Amino acid sequence: MDPQFDIAREWMRKPTLHPERARWLRRVDALAQIIGVTALVMGHGVRRTGIPPWEFGAIQLLCMAIITVAIAVRYRWSLAKLSFTRRHLATVLAAAVWTAGIAVVTIIGPILPDLNEARFGGGRWWGYIEVTEVVLLAYSAFGIVAGLRRVSSGGINPAFLLVLSFVLLISVGTGILMLPICRETSEFEAHTGAPFLTALFTATSAACVTGLIVEHTGNYWSFVGQLVILMLFQVGGLGIMTFGAFFAAIAGRNVRLSEFATLRDLFSTEGLGDLRRLIFVILGYTLFLELIGAILLMGLWSDLPWGQRVFMSVFHSVSAFCNAGFALTEDSFVGMAHHWQVRYAIPLLIIVGGLGFAVVYNLQQYVSIALQRILDREPFRLPHKRPRIRLTTRLVLVTTGVLLVAGTLGIYLLERTAADHHRIAWDDAWFQSVTFRTAGFNTVDLGQLQPGTKLLGILLMAIGASPGSTGGGMKTTVFAVTFVGLISVMRGRERVEVFGRTLPAINLNRALAILFVTLISVMTTTLLLVTFEKRPDYFLDHMFEAASAVGTVGVSSTIPLDNGEMGSVTSSLSTPSRIVIIFAMFLGRVGPLTLLLALAGEGPSIRYEYPSEKVTLG
């Protein structure tokens with residue numbers, strides 16, 4: 001074949017005249033988005049300090065101008081101009097809208113002085129900034145979704161991707177919470193942001209849906225700060241990749257197979273199936289239940305203005321469903337167990353949020369297929385697919401029910417051993433049985449609980465919620481598989497069987513590994529806390545704190561503080577201990593075994609097998 005023909009054919013395949021330069025322009029585009037959004041956030045965040053934000057506005061204008069010029073140059077270099085706009089629709093649209101907006105402000109701005117005063121902050125300059133902010137935010141949102149899809153379909157280890165996504169979320173949350181606008185200050189105090197460690201601790205606790213706090217959420221943080229915390233535990237509870245796939249789905253784009261494999265591992269689902277439908281079920285199920293929960297909780301704040309009632313209800317509804325445990329009230333829900341919203345609505349949100357999205361999706365499919373079989377009984381029609389509840393769903397439902405009942409009875413009976421036999425009611429025992437497993441609310445002073453009750457709470461916190469849910473812990477299925485394995489050993493059976501199914505050996509091995517790593521994590525965290533705090537009289541309270549952090553629960557006992565007053569263990573911790581809790585919360589959210597897999601990476605497949613030999617175990 002003619003070499004010149006090969007060169008011509010290769011040249012025709014190129015989408016641009018200058019591939020390397022176009023690649024650099026795409027990188028400049030991404031960098032401009034990051035710098036522009038950072039300037040936007042900081043400009044609004046430091047506004048309370050009196051610093052004029054025009055410098056940040058100038059940076060945003062420059063970044064948007066760079067994006068516009070870059071896409072124009074890439075279009076000029078393109079060899080496929082007819083399809084260029086379709087392939088880069090978001091960038092072209094952002095550049096066109098921004099250019100049109102700047103032109104409109106330039107032309108109409110001087111003609112409408114009243115509109116300028118009210119909307120643009122007193123001049124044409126602020127009109128440019130407002131247009132730039134809106135376009136930059138929208139364009140960056142598309143960029144984030146595209147970036148998430150590119151990363152999830154890039155063949156990266158899902159364990160590493162999960163760890164990386166939480167590191168990114170915590171980093172962004174910490175930076176935003178350090179801004180002065182996020183901290184509540186009086187008119188007599190300097191408008192300064194939160195210290196780095198306080199912001200990092202709060203962002204980690206929120207992103208990892210834990211609920212441990214070093215500063216009171218309702219008093220220390222402003223409305224903007226509380227809103228940031230709300231968004232952190234909403235995104236942290238569902239997962240960043242869920243939102244990326246969701247926005248890709250609503251944009252009408254197909255989900256790649258590699259993307260599906262990543263999300264399947266993150267959701268702990270089985271089989272292939274319809275990922276787009278699963279994503280919509282997850283988001284729809286979440287938003288619907290959070291909305292219902294917010295409506296039910298409205299009656300708890302009847303003495304507040306309407307706007308505050310709505311925000312309080314939404315905040316606590318999302319916090320309960322995501323198993324975050326953050327509360328804006330002074331002492332969580334202490335003394336409020338007599339309200340039906342606290343007895344039933346909040347525990348129900350916590351329970352359904354802790355079941356796991358794979359379980360919910362399986363139940364939804366089961367009900368849907370069962371209804372179709374009942375309603376559609378026409379003759380000569382092929383039979384519908386038989387509905388089936390998966391083994392994971394059965395184990396989750398049975399284990400959750402047993403733990404709730406056993407926890408309620410255990411807490412109530414253990415508290416009856418106290419000198420005052422009426423210290424805890426059934427309502428309080430039920431509520432704490434629910435929240436000890438994964439959510440950090442409380443209706444009683446946890447420092448006054450009996451040592452036996454605290455030990456039971458530590459066990460429940462270590463077990464945690466279910467796989468693929470918003471909660472933490474070693475998971476109900478791990479506890480169930482380990483327990484069933486113990487029963488099999490007691491019966492002298494070599495195979496582990498449950499509900500008419502035989503569990504593969506890898507399931508039992510993985511369950512034992514997770515159980516071991518979880519126990520080691522709790523004990524190591526306890527050891528470090530006891531070493532740093534040097535208060536041996538409160539060993540059990542520090543172990544309670546460690547289990548709460550590793551299980552991402554968020555409950556904290558109360559002990560005497562340095563000033564003689566009673567306070568939470570979290571607020572009494574020294575700086576080294578707070579750093580330990582930060583790592584423990586992160587470890588509990590991503591999972592100890594997941595973190596190890598992410599750090600180790602995927603090893604080569606082994607194609608050999610050594611001879612087997614028994615080991616004496618005892």
# chains A, B, ... in the order shown; residues from 1 in each chain; ligands from 1
>>> residues_around(residues="Tyr344 of chain A", least_positions_apart="3", cutoff="10 Å", atoms="only C-alpha atoms", output="JSON, numbers by chain")
{"A": [296, 337, 339, 340, 341, 347, 348, 349, 427, 430, 431]}
>>> write_last_selection(atoms="N, CA and C atoms", output="short mmCIF file (atom, residue, chain, number, x, y, z; two decimals), in the first residue's frame")
data_model
loop_
_atom_site.label_atom_id
_atom_site.label_comp_id
_atom_site.auth_asym_id
_atom_site.auth_seq_id
_atom_site.Cartn_x
_atom_site.Cartn_y
_atom_site.Cartn_z
N LEU A 296 -43.67 14.78 58.24
CA LEU A 296 -44.05 14.20 59.52
C LEU A 296 -43.40 14.92 60.70
N ALA A 337 -38.86 11.70 73.75
CA ALA A 337 -39.31 10.39 73.28
C ALA A 337 -40.82 10.24 73.36
N HIS A 339 -42.92 12.26 72.07
CA HIS A 339 -43.49 12.71 70.80
C HIS A 339 -43.53 11.54 69.82
N TRP A 340 -44.68 11.39 69.14
CA TRP A 340 -44.79 10.26 68.22
C TRP A 340 -43.81 10.39 67.06
N GLN A 341 -43.43 11.61 66.70
CA GLN A 341 -42.45 11.77 65.62
C GLN A 341 -41.10 11.16 66.00
N PRO A 347 -37.16 6.78 63.89
CA PRO A 347 -36.65 5.40 63.79
C PRO A 347 -36.96 4.74 62.45
N LEU A 348 -38.15 5.01 61.90
CA LEU A 348 -38.50 4.40 60.61
C LEU A 348 -37.57 4.90 59.51
N LEU A 349 -37.27 6.20 59.51
CA LEU A 349 -36.33 6.74 58.52
C LEU A 349 -34.96 6.11 58.67
N ASP A 427 -40.06 3.47 75.30
CA ASP A 427 -39.83 4.35 74.16
C ASP A 427 -38.35 4.67 74.00
N TRP A 430 -36.43 1.51 72.84
CA TRP A 430 -36.65 1.29 71.41
C TRP A 430 -35.84 2.27 70.57
N PHE A 431 -35.89 3.54 70.93
CA PHE A 431 -35.18 4.56 70.15
C PHE A 431 -33.68 4.30 70.17
#
>>> residues_around(residues="segment 583-588 of chain A", least_positions_apart="2", cutoff="7 Å", atoms="only C-alpha atoms", output="ChimeraX atom specification")
/A:204-205,208,210,472-473,525,549-552,579-581,590-592
>>> write_last_selection(atoms="C-alpha atoms", output="tab-separated table (two decimals), in the first residue's frame")
chain	number	residue	atom	x	y	z
A	204	THR	CA	-15.38	14.12	57.96
A	205	SER	CA	-18.20	13.38	60.37
A	208	CYS	CA	-18.94	9.78	56.59
A	210	THR	CA	-21.29	9.73	61.57
A	472	GLY	CA	-21.58	1.92	58.65
A	473	GLY	CA	-20.32	-0.89	60.85
A	525	THR	CA	-8.85	3.33	68.29
A	549	ALA	CA	-16.54	6.40	65.25
A	550	VAL	CA	-15.61	3.11	63.57
A	551	GLY	CA	-19.29	2.19	63.19
A	552	THR	CA	-20.08	5.74	61.92
A	579	ILE	CA	-7.22	13.20	64.72
A	580	VAL	CA	-7.59	9.54	65.70
A	581	ILE	CA	-11.39	9.86	65.60
A	590	VAL	CA	-15.21	3.29	53.45
A	591	GLY	CA	-14.75	0.02	55.31
A	592	PRO	CA	-11.45	-1.25	56.75
>>> select_by_dssp(residues="segment 264-359 of chain A", states="alpha helix (DSSP H)", output="JSON, numbers by chain")
{"A": [264, 265, 266, 267, 275, 276, 277, 278, 279, 280, 281, 282, 283, 284, 285, 286, 287, 288, 289, 290, 291, 292, 293, 294, 295, 296, 297, 306, 307, 308, 309, 310, 311, 312, 313, 314, 315, 316, 317, 318, 319, 320, 321, 340, 346, 347, 348, 349, 350, 351, 352, 353, 357, 358, 359]}
>>> residues_around(residues="Ile102 of chain A", least_positions_apart="4", cutoff="12 Å", atoms="only C-alpha atoms", output="ChimeraX atom specification")
/A:61,64-65,95-98,106-109,124-135
>>> atom_distance(atom1="atom CA of Val434 of chain A", atom2="atom CA of Gly407 of chain A")
8.0 Å
>>> closest_residue(among="A:Gly237, A:Pro15, A:Gly293, A:Gly173", to="Leu82 of chain A", atoms="only C-alpha atoms")
A:Pro15
>>> residues_around(residues="Thr185 of chain A", least_positions_apart="6", cutoff="9 Å", atoms="only C-alpha atoms", output="PyMOL selection string")
chain A and resi 191-192+220-222
>>> closest_residue(among="A:Gly353, A:Thr531, A:Ala146, A:Ile35", to="His88 of chain A", atoms="only C-alpha atoms")
A:Ala146
